[in-house]
Number of protein chains: 6
Amino acid sequence: MISDIRLKELIRTALDEDIGSGDLTTSAILTGDEPGVARVISKGEIIVAGIAVFREVFHALESSLRFEAYFCDGQPAGKGDLLACISGSLKSILLAERVALNLFQRMCGIATVTHKYVEEAKGTGVRILDTRKTTPGLRSLEKYAVKTGGGFNHRFGLYDGVMIKDNHITAAGGILRAVRKVVGNVPPTVKIEVEVKNLQEVEEALAAGADIIMLDNMGTDEMKKAVSLINGRALVEASGNVTLSNVKRIAETDVDFISVGALTHSAPAADISLVFRD
Amino acid sequence: MISDIRLKELIRTALDEDIGSGDLTTSAILTGDEPGVARVISKGEIIVAGIAVFREVFHALESSLRFEAYFCDGQPAGKGDLLACISGSLKSILLAERVALNLFQRMCGIATVTHKYVEEAKGTGVRILDTRKTTPGLRSLEKYAVKTGGGFNHRFGLYDGVMIKDNHITAAGGILRAVRKVVGNVPPTVKIEVEVKNLQEVEEALAAGADIIMLDNMGTDEMKKAVSLINGRALVEASGNVTLSNVKRIAETDVDFISVGALTHSAPAADISLVFRD
Amino acid sequence: MISDIRLKELIRTALDEDIGSGDLTTSAILTGDEPGVARVISKGEIIVAGIAVFREVFHALESSLRFEAYFCDGQPAGKGDLLACISGSLKSILLAERVALNLFQRMCGIATVTHKYVEEAKGTGVRILDTRKTTPGLRSLEKYAVKTGGGFNHRFGLYDGVMIKDNHITAAGGILRAVRKVVGNVPPTVKIEVEVKNLQEVEEALAAGADIIMLDNMGTDEMKKAVSLINGRALVEASGNVTLSNVKRIAETDVDFISVGALTHSAPAADISLVFRD
Amino acid sequence: MISDIRLKELIRTALDEDIGSGDLTTSAILTGDEPGVARVISKGEIIVAGIAVFREVFHALESSLRFEAYFCDGQPAGKGDLLACISGSLKSILLAERVALNLFQRMCGIATVTHKYVEEAKGTGVRILDTRKTTPGLRSLEKYAVKTGGGFNHRFGLYDGVMIKDNHITAAGGILRAVRKVVGNVPPTVKIEVEVKNLQEVEEALAAGADIIMLDNMGTDEMKKAVSLINGRALVEASGNVTLSNVKRIAETDVDFISVGALTHSAPAADISLVFRD
Amino acid sequence: MISDIRLKELIRTALDEDIGSGDLTTSAILTGDEPGVARVISKGEIIVAGIAVFREVFHALESSLRFEAYFCDGQPAGKGDLLACISGSLKSILLAERVALNLFQRMCGIATVTHKYVEEAKGTGVRILDTRKTTPGLRSLEKYAVKTGGGFNHRFGLYDGVMIKDNHITAAGGILRAVRKVVGNVPPTVKIEVEVKNLQEVEEALAAGADIIMLDNMGTDEMKKAVSLINGRALVEASGNVTLSNVKRIAETDVDFISVGALTHSAPAADISLVFRD
Amino acid sequence: MISDIRLKELIRTALDEDIGSGDLTTSAILTGDEPGVARVISKGEIIVAGIAVFREVFHALESSLRFEAYFCDGQPAGKGDLLACISGSLKSILLAERVALNLFQRMCGIATVTHKYVEEAKGTGVRILDTRKTTPGLRSLEKYAVKTGGGFNHRFGLYDGVMIKDNHITAAGGILRAVRKVVGNVPPTVKIEVEVKNLQEVEEALAAGADIIMLDNMGTDEMKKAVSLINGRALVEASGNVTLSNVKRIAETDVDFISVGALTHSAPAADISLVFRD
């Protein structure tokens, strides 16, 4: 997942955003010595994701807090399940609480939605991919959550994968030329993906030697034709307007991958709460 | 809204996350001199929010890009509406595109959801408030989007408002003592809000001189009693499990504010796309 | 006080400013293994403030240094009093010494001056407030020192309190309109303070529903009239040209608060020195 | 003075400290289009220092603000003198005002105090030096203000000058050994200064080849003896408990430099205000 | 090449390292208004690389400096050739000079060395690749210089390419298992490279479906056998102890790529000087 | 050497450059629990430099790694010598390996080259100095490596030493005026160095009271004349086109220092490898 260096920086920024010049309420009332025990409870059916991130927020605030997790990333949890327990300085728990939950609920939310897509496409062999439609600043966490939910990651950014689109093709003067220009300029460790709109372009992409062909907003019938035309000479990705209702139909076209922006840009937060022991 | 200093830093971080060591595809094919014109189109019914942020991403990448907006923040836009037009270096537009959309779609999404809650509560005089359940790193933008959608902001963080909760009350030894401790420690410019669970606590909070009383997860009948008990001596906020289906009923209890976490933690991204002129 | 995250960053920056590319003298002579014991001694009558900050500078440089404090924040110390003792690597103590003292002497200086104002106003019930006239970068530490000296904090910045001044009033078209605009735009947790110059404006501010009224540079006679006019309907703050000689007279006008810029912008450093055991 | 890179960073940090998540009052009332004209007026006898820093704060906030200065750094200004005029967006002026004044008043305050020491020592040929007793984060600005007031700078930090003190001498096993160790380890561009407590140590320092000898807390009689003993073979600095009352007497001992911590750690802010044109 | 955001940050850091608290000499003598013209001259046979970076250093210091380049990246220049001319404030040119040259000389040095390797291997169709053996902080610039000299880039870091080595193979329990684990965990846009030591491992890597096979420290005879065994089923990279004397021989084994650490870790700076017009 | 604060920041940046969004290979195969033992072996004759930096990279990644060094900085090591051993989590060792070696090989390379120059000049009493021709971002490490190899440091940057060059002299109107301007503006702890081109200028520099005179690109005959002309009244530095072949001849002119840019800008990386125990 995300490197430790970046995770710590991200958490530091998030805590600073919330705490700012200081927690007015807590620092007026608590000295820091009062003990506290907080239980983290799922209030719905979720896929757990981000336990390590969740714990790290508490430890970033105060390394002596004791954190016990009762679920692992990837496990399903049900309504009322106790996910984790945090004990130690009540003041520190209160200071970290909101940021910890904001991150954890988002990650569980994404894993939960991803899992639903994966279940829908089960048995077809297709892989559900994420996109770059992630929350600015949280991409690594969100892509990790997708994997936790059973999905797979597409490229992380513009820097680690090639995706030749319309504009590139026009500017280069055709698919063949675009692919050639790229091959001569990028590390040989990177595959070349070309976005196509119709079967004519599929043929051009194949001829140009594309490693992956992305079928953009095609109907499922046309997708089937594309898959049979490609016939294993390149990997095939379907993209555009994928929903829980149509993902199975698309998966049955025999594409290799289906990419879904909604995994990250529209997953509702998982309903999780932190309650203090009575 | 967010200060210019912070907005620029946020955008810089977001672009760096996406571009990293460089855009492999675009820098292989485009020189930077190719002109491009991109049109930004709404694909659903939305409330526009974040035009200035959207523009700033393009300008952060390349200050000479020309950006024209056809909608203002707060305006409703319908399916197919042209929201904005960006022209200039195609390469720069492509480099900024994803980050710009990721921020703009999220802001419009939040404004759109907020607007629905506000419409539901219309006529009751109640104000819809946001919470601290925001995306780490994006709180200022998300709170601005809530205001744009017709909602109001609750405190921005732990540093600019007092909220006395269960744990504080227990630690202080009662509501009265908790309030006193806080009054003696925070700037006089800040109001004191106390979270209560029942009418007994409402009375204690009033006696302690709370400026705002937050009714946590009460039923609407009990809320009504609380409101009539308080009788204008403090502002009243309802909180907990608020949905589009029950917000009107809660509003009718005559509380002053209803706070809704879902405005920010579960708003789906608005469907907006950037297309290049054919 | 200041959050740990920000305190550590501030200390890191301060140490870097002083040490830069390295301590030429110490690194030429000491290996780091030589033991040292430093005693911190007050050379005048002071109010101690910032023990935790003082300690943190040494620990930021070298966590194994042993630090013992013999005074707590808020305690008065006299000439010759031993405030603290630091032992461990002599090299680390020397590297941290100047930055640690620069911060500690300033904080004690502010607490000491604040204490004098508080003593002057004793018995009147008035609260001595600080202002935003603090040293750039050190506001949280300085405001903490004011509290330690017996004063109270005004808002921390432009972000956590409302202060409507002349320019705002003119731009809005009157006090009433200015207050209304603000109420509709800021979190309900924040009080509205209005700055007034005469009794006419006091009345307008009251009519507009100001929570706090700030009497700017008024004479004490006019202040008395203002207080009696307000008659408990708003809190009252006196501001402008407050000195140790006139603070008691102002306090006797029965205002609630007196704000004093000199607490932070002109407090001389407390005279404290660090001596190595002979 | 301070490099542009560091000045911009310092101002950015200072503005962020004050503005935080946004100016509640101003952003509720002003759109940014309202024009404003602010006059900056001295309310006492001062030496002006930091005009460029003062201007830069306003320009950091909004580059289109017009700033006209009527005084130069180093010039004396009297009560009522118009120092500068800022015009442009009222909103931007209000956002920058406090930070700009906090820096400018401190710099003028330091220059003013320095000037007094310089005047006292006039005619003796002695140079008044600053120390490392500066405000963390502001050292470059404060040292610039000392020069503006007619003083001279001592080393900027531990990295650009050698100062051998008691502890170094003890650890090295005598002054001679300490100086030798240092000479073999530091750039040849740096002079070696040795701190001494009595005439015996003066002789040792001379024998060791010290470039500068610092007389620490000596009485003026002993100073005279030291100066005549040194007799031009090294530069001589007097240090410790220097005040406006005794600086002249010390200067008359014929030392080359007198260093004064109070120039920076205890200078009261100059009284300057920013008023908007009626 | 490197993104603008990162280039500006890198240059800012480099200038700060050199200028620190200020240029003592220049700020004592120059006001900033003195005009200057500097000519940049090659003192040997080089391949020019990094003109844009070189210019950006001057512009980072002072945007009004006029910079004219007479060579483009990739062009060979000879002894005495005028590469560029900078005119404007002499003070700004002097402040930027050293950092600008340090970066430019390094980049030209790398391009020049790379070009020699490329020339040696000319006609064989092999591509000369760089490695991750770059200067910490300068990787993007150095990899750009390699491309400018006619070489190609290998992966930029651990994040954008897969390289399965000994340790991974052992830990996974064989090449086949290692490849499978990776395929299931990385974006499909990334190729899988396996490092092998002998022909046996070549066969295993082929069987596992490796996209690229890296022959680590093999003799040229064994390399030839490996190439003929692989027979186009994977790309082949030779690595280890490549020098200008043996690169041609290695190239003639028909491998696809030869990676050379020395391109970046041991290229001497190109001899270039900046002289002021008499 | 470099302060801990800056070293940690530098290492953090370097690791982030290499690891980016995560190590694709290692995180797919290793859990972090697999143990590993790596041996660090010299593959040539080198002077060891930077053991502490090398260790710190591993510890920055994972503090529990065990690091044992068998050589100290400054010691010569031969082909095949075991320099250090690192044991602990294999995953952490692999993540840190490349960055650790990149820094360590560069530092050893510089110390090794420096040592050669020092050996050449042995017996002459001359000191070999470095320059500001260092790698941007790594100056402190590189200057430390020079000292480790037996050389001495010149000034660290523009901020801690004065060097008056041609342009300064022209702008000031002669050497005398330039020196006077500088003396009046820089801390008395700093020596004044003047760069001269001929004997006429040597005399002027002496007359102006220069502490150090730098003979720029003079022939050795002229250098001898300069040295005898100066006759101990100032330190003398030779500079320009120094190589291993001519350094001895220059040293024999009796100058005090010879500065050599190639120590840092053109030292090849030392050949060191990290191998895992079979």
# chains A, B, ... in the order shown; residues from 1 in each chain; ligands from 1
>>> interface_residues(of="chain A", to="chain D", cutoff="10 Å", atoms="only C-alpha atoms", output="tab-separated table (two decimals) with C-alpha atoms, in the first residue's frame")
chain	number	residue	atom	x	y	z
A	17	GLU	CA	-6.72	20.43	9.60
A	20	GLY	CA	-5.65	23.60	14.15
A	21	SER	CA	-4.58	25.89	16.97
>>> select_by_dssp(residues="segment 33-185 of chain C", states="alpha helix (DSSP H)", output="ChimeraX atom specification")
/C:51-61,90-121,139-148,166-172,175-183
>>> residues_around(residues="Ser3 of chain D", least_positions_apart="5", cutoff="9 Å", atoms="only C-alpha atoms", output="list in words")
Lys8 and Ser140 of chain D; Asp16, Ile19, Gly20, Ser21, Gly22 and Asp23 of chain E
>>> write_last_selection(atoms="C-alpha atoms", output="compact mmCIF listing (two decimals), in the first residue's frame")
# COMPACT_ATOMS: atom_id res chain seq x y z
CA LYS D 8 8.22 34.64 0.93
CA SER D 140 17.28 37.47 9.45
CA ASP E 16 18.35 27.97 -0.52
CA ILE E 19 22.29 31.35 -0.49
CA GLY E 20 21.16 30.47 3.02
CA SER E 21 20.79 33.58 5.16
CA GLY E 22 22.10 35.71 2.30
CA ASP E 23 25.06 36.35 -0.02
>>> residues_around(residues="Val236 of chain F", least_positions_apart="5", cutoff="9 Å", atoms="only C-alpha atoms", output="PDB file with C-alpha atoms, in the first residue's frame")
ATOM      1  CA  ASP F 211      42.602  38.077   4.837  1.00  0.00           C
ATOM      2  CA  ILE F 212      42.876  35.539   2.025  1.00  0.00           C
ATOM      3  CA  ILE F 213      44.009  36.042  -1.549  1.00  0.00           C
ATOM      4  CA  MET F 214      42.873  33.637  -4.225  1.00  0.00           C
ATOM      5  CA  LEU F 215      45.130  33.259  -7.231  1.00  0.00           C
ATOM      6  CA  ALA F 226      52.651  36.044  -5.584  1.00  0.00           C
ATOM      7  CA  VAL F 227      53.439  33.917  -2.549  1.00  0.00           C
ATOM      8  CA  ILE F 230      52.393  38.280   0.016  1.00  0.00           C
ATOM      9  CA  ASP F 254      53.956  27.286  -1.148  1.00  0.00           C
ATOM     10  CA  VAL F 255      50.375  28.462  -1.375  1.00  0.00           C
ATOM     11  CA  ASP F 256      48.335  27.618   1.720  1.00  0.00           C
ATOM     12  CA  PHE F 257      45.336  26.082  -0.024  1.00  0.00           C
ATOM     13  CA  ILE F 258      44.458  24.516  -3.344  1.00  0.00           C
TER      14      ILE F 258
END
>>> atom_distance(atom1="atom CA of Gly261 of chain D", atom2="atom CA of Pro35 of chain C")
28.1 Å
>>> residues_around(residues="segment 66-76 of chain D", least_positions_apart="4", cutoff="7 Å", atoms="only C-alpha atoms", output="short mmCIF file (atom, residue, chain, number, x, y, z; two decimals) with N, CA, C and O atoms, in the first residue's frame")
data_model
loop_
_atom_site.label_atom_id
_atom_site.label_comp_id
_atom_site.auth_asym_id
_atom_site.auth_seq_id
_atom_site.Cartn_x
_atom_site.Cartn_y
_atom_site.Cartn_z
N ILE D 46 10.64 57.16 15.73
CA ILE D 46 11.18 55.84 15.40
C ILE D 46 12.24 55.91 14.30
O ILE D 46 12.37 56.93 13.63
N ILE D 47 12.98 54.80 14.17
CA ILE D 47 13.81 54.60 12.99
C ILE D 47 13.07 53.59 12.12
O ILE D 47 12.73 52.50 12.58
N VAL D 48 12.82 53.95 10.89
CA VAL D 48 12.07 53.07 9.99
C VAL D 48 12.95 51.89 9.56
O VAL D 48 14.11 52.07 9.20
N ALA D 49 12.39 50.68 9.61
CA ALA D 49 13.11 49.49 9.16
C ALA D 49 12.12 48.45 8.67
O ALA D 49 11.15 48.15 9.36
N GLY D 50 12.35 47.92 7.49
CA GLY D 50 11.51 46.83 7.02
C GLY D 50 10.45 47.23 6.02
O GLY D 50 9.47 46.50 5.83
N ILE D 51 10.64 48.37 5.36
CA ILE D 51 9.66 48.81 4.36
C ILE D 51 9.42 47.70 3.32
O ILE D 51 8.29 47.40 2.95
N ARG D 55 5.84 45.86 2.64
CA ARG D 55 5.21 45.85 1.32
C ARG D 55 4.97 44.42 0.82
O ARG D 55 3.92 44.09 0.28
N LEU D 82 3.49 60.32 7.94
CA LEU D 82 2.89 59.33 7.05
C LEU D 82 4.01 58.48 6.46
O LEU D 82 4.85 58.98 5.70
N LEU D 83 4.04 57.22 6.81
CA LEU D 83 5.13 56.34 6.37
C LEU D 83 4.86 55.71 5.02
O LEU D 83 5.76 55.55 4.20
N ALA D 84 3.62 55.34 4.79
CA ALA D 84 3.30 54.66 3.54
C ALA D 84 1.82 54.71 3.29
O ALA D 84 1.03 55.05 4.18
N CYS D 85 1.45 54.36 2.08
CA CYS D 85 0.05 54.40 1.68
C CYS D 85 -0.21 53.12 0.86
O CYS D 85 0.59 52.78 -0.02
N ILE D 86 -1.27 52.39 1.17
CA ILE D 86 -1.60 51.18 0.42
C ILE D 86 -2.99 51.37 -0.16
O ILE D 86 -3.93 51.71 0.56
N SER D 87 -3.14 51.09 -1.43
CA SER D 87 -4.48 51.21 -2.00
C SER D 87 -4.77 50.03 -2.93
O SER D 87 -3.87 49.40 -3.47
N GLY D 88 -6.04 49.75 -3.06
CA GLY D 88 -6.46 48.61 -3.88
C GLY D 88 -7.64 47.94 -3.20
O GLY D 88 -8.42 48.60 -2.52
N THR D 148 20.00 48.34 10.14
CA THR D 148 19.29 49.54 9.74
C THR D 148 19.37 50.61 10.82
O THR D 148 19.42 51.81 10.54
N GLY D 149 19.40 50.18 12.08
CA GLY D 149 19.47 51.13 13.18
C GLY D 149 20.88 51.62 13.46
O GLY D 149 21.10 52.38 14.40
#
>>> atom_distance(atom1="atom CA of Thr13 of chain A", atom2="atom CA of Gly137 of chain B")
7.0 Å
>>> residues_around(residues="segment 164-168 of chain A", least_positions_apart="2", cutoff="7 Å", atoms="only C-alpha atoms", output="list in words")
Val162, Thr170, Ala171, Ala172, Ala178, Glu193, Val194 and Glu195 of chain A; Thr25 and Ile29 of chain B
>>> atom_distance(atom1="atom CA of Gly161 of chain B", atom2="atom CA of Ile5 of chain C")
20.0 Å
>>> select_by_dssp(residues="segment 46-278 of chain C", states="strand (DSSP E)", output="PyMOL selection string")
chain C and resi 46-47+66-69+76-77+82-89+127-129+162-164+192-196+212-216+235-239+257-259+272-276
>>> residues_around(residues="Val113 of chain D", least_positions_apart="2", cutoff="9 Å", atoms="only C-alpha atoms", output="PyMOL selection string")
chain D and resi 46-47+108-111+115-118+146+149+262-264+267-268
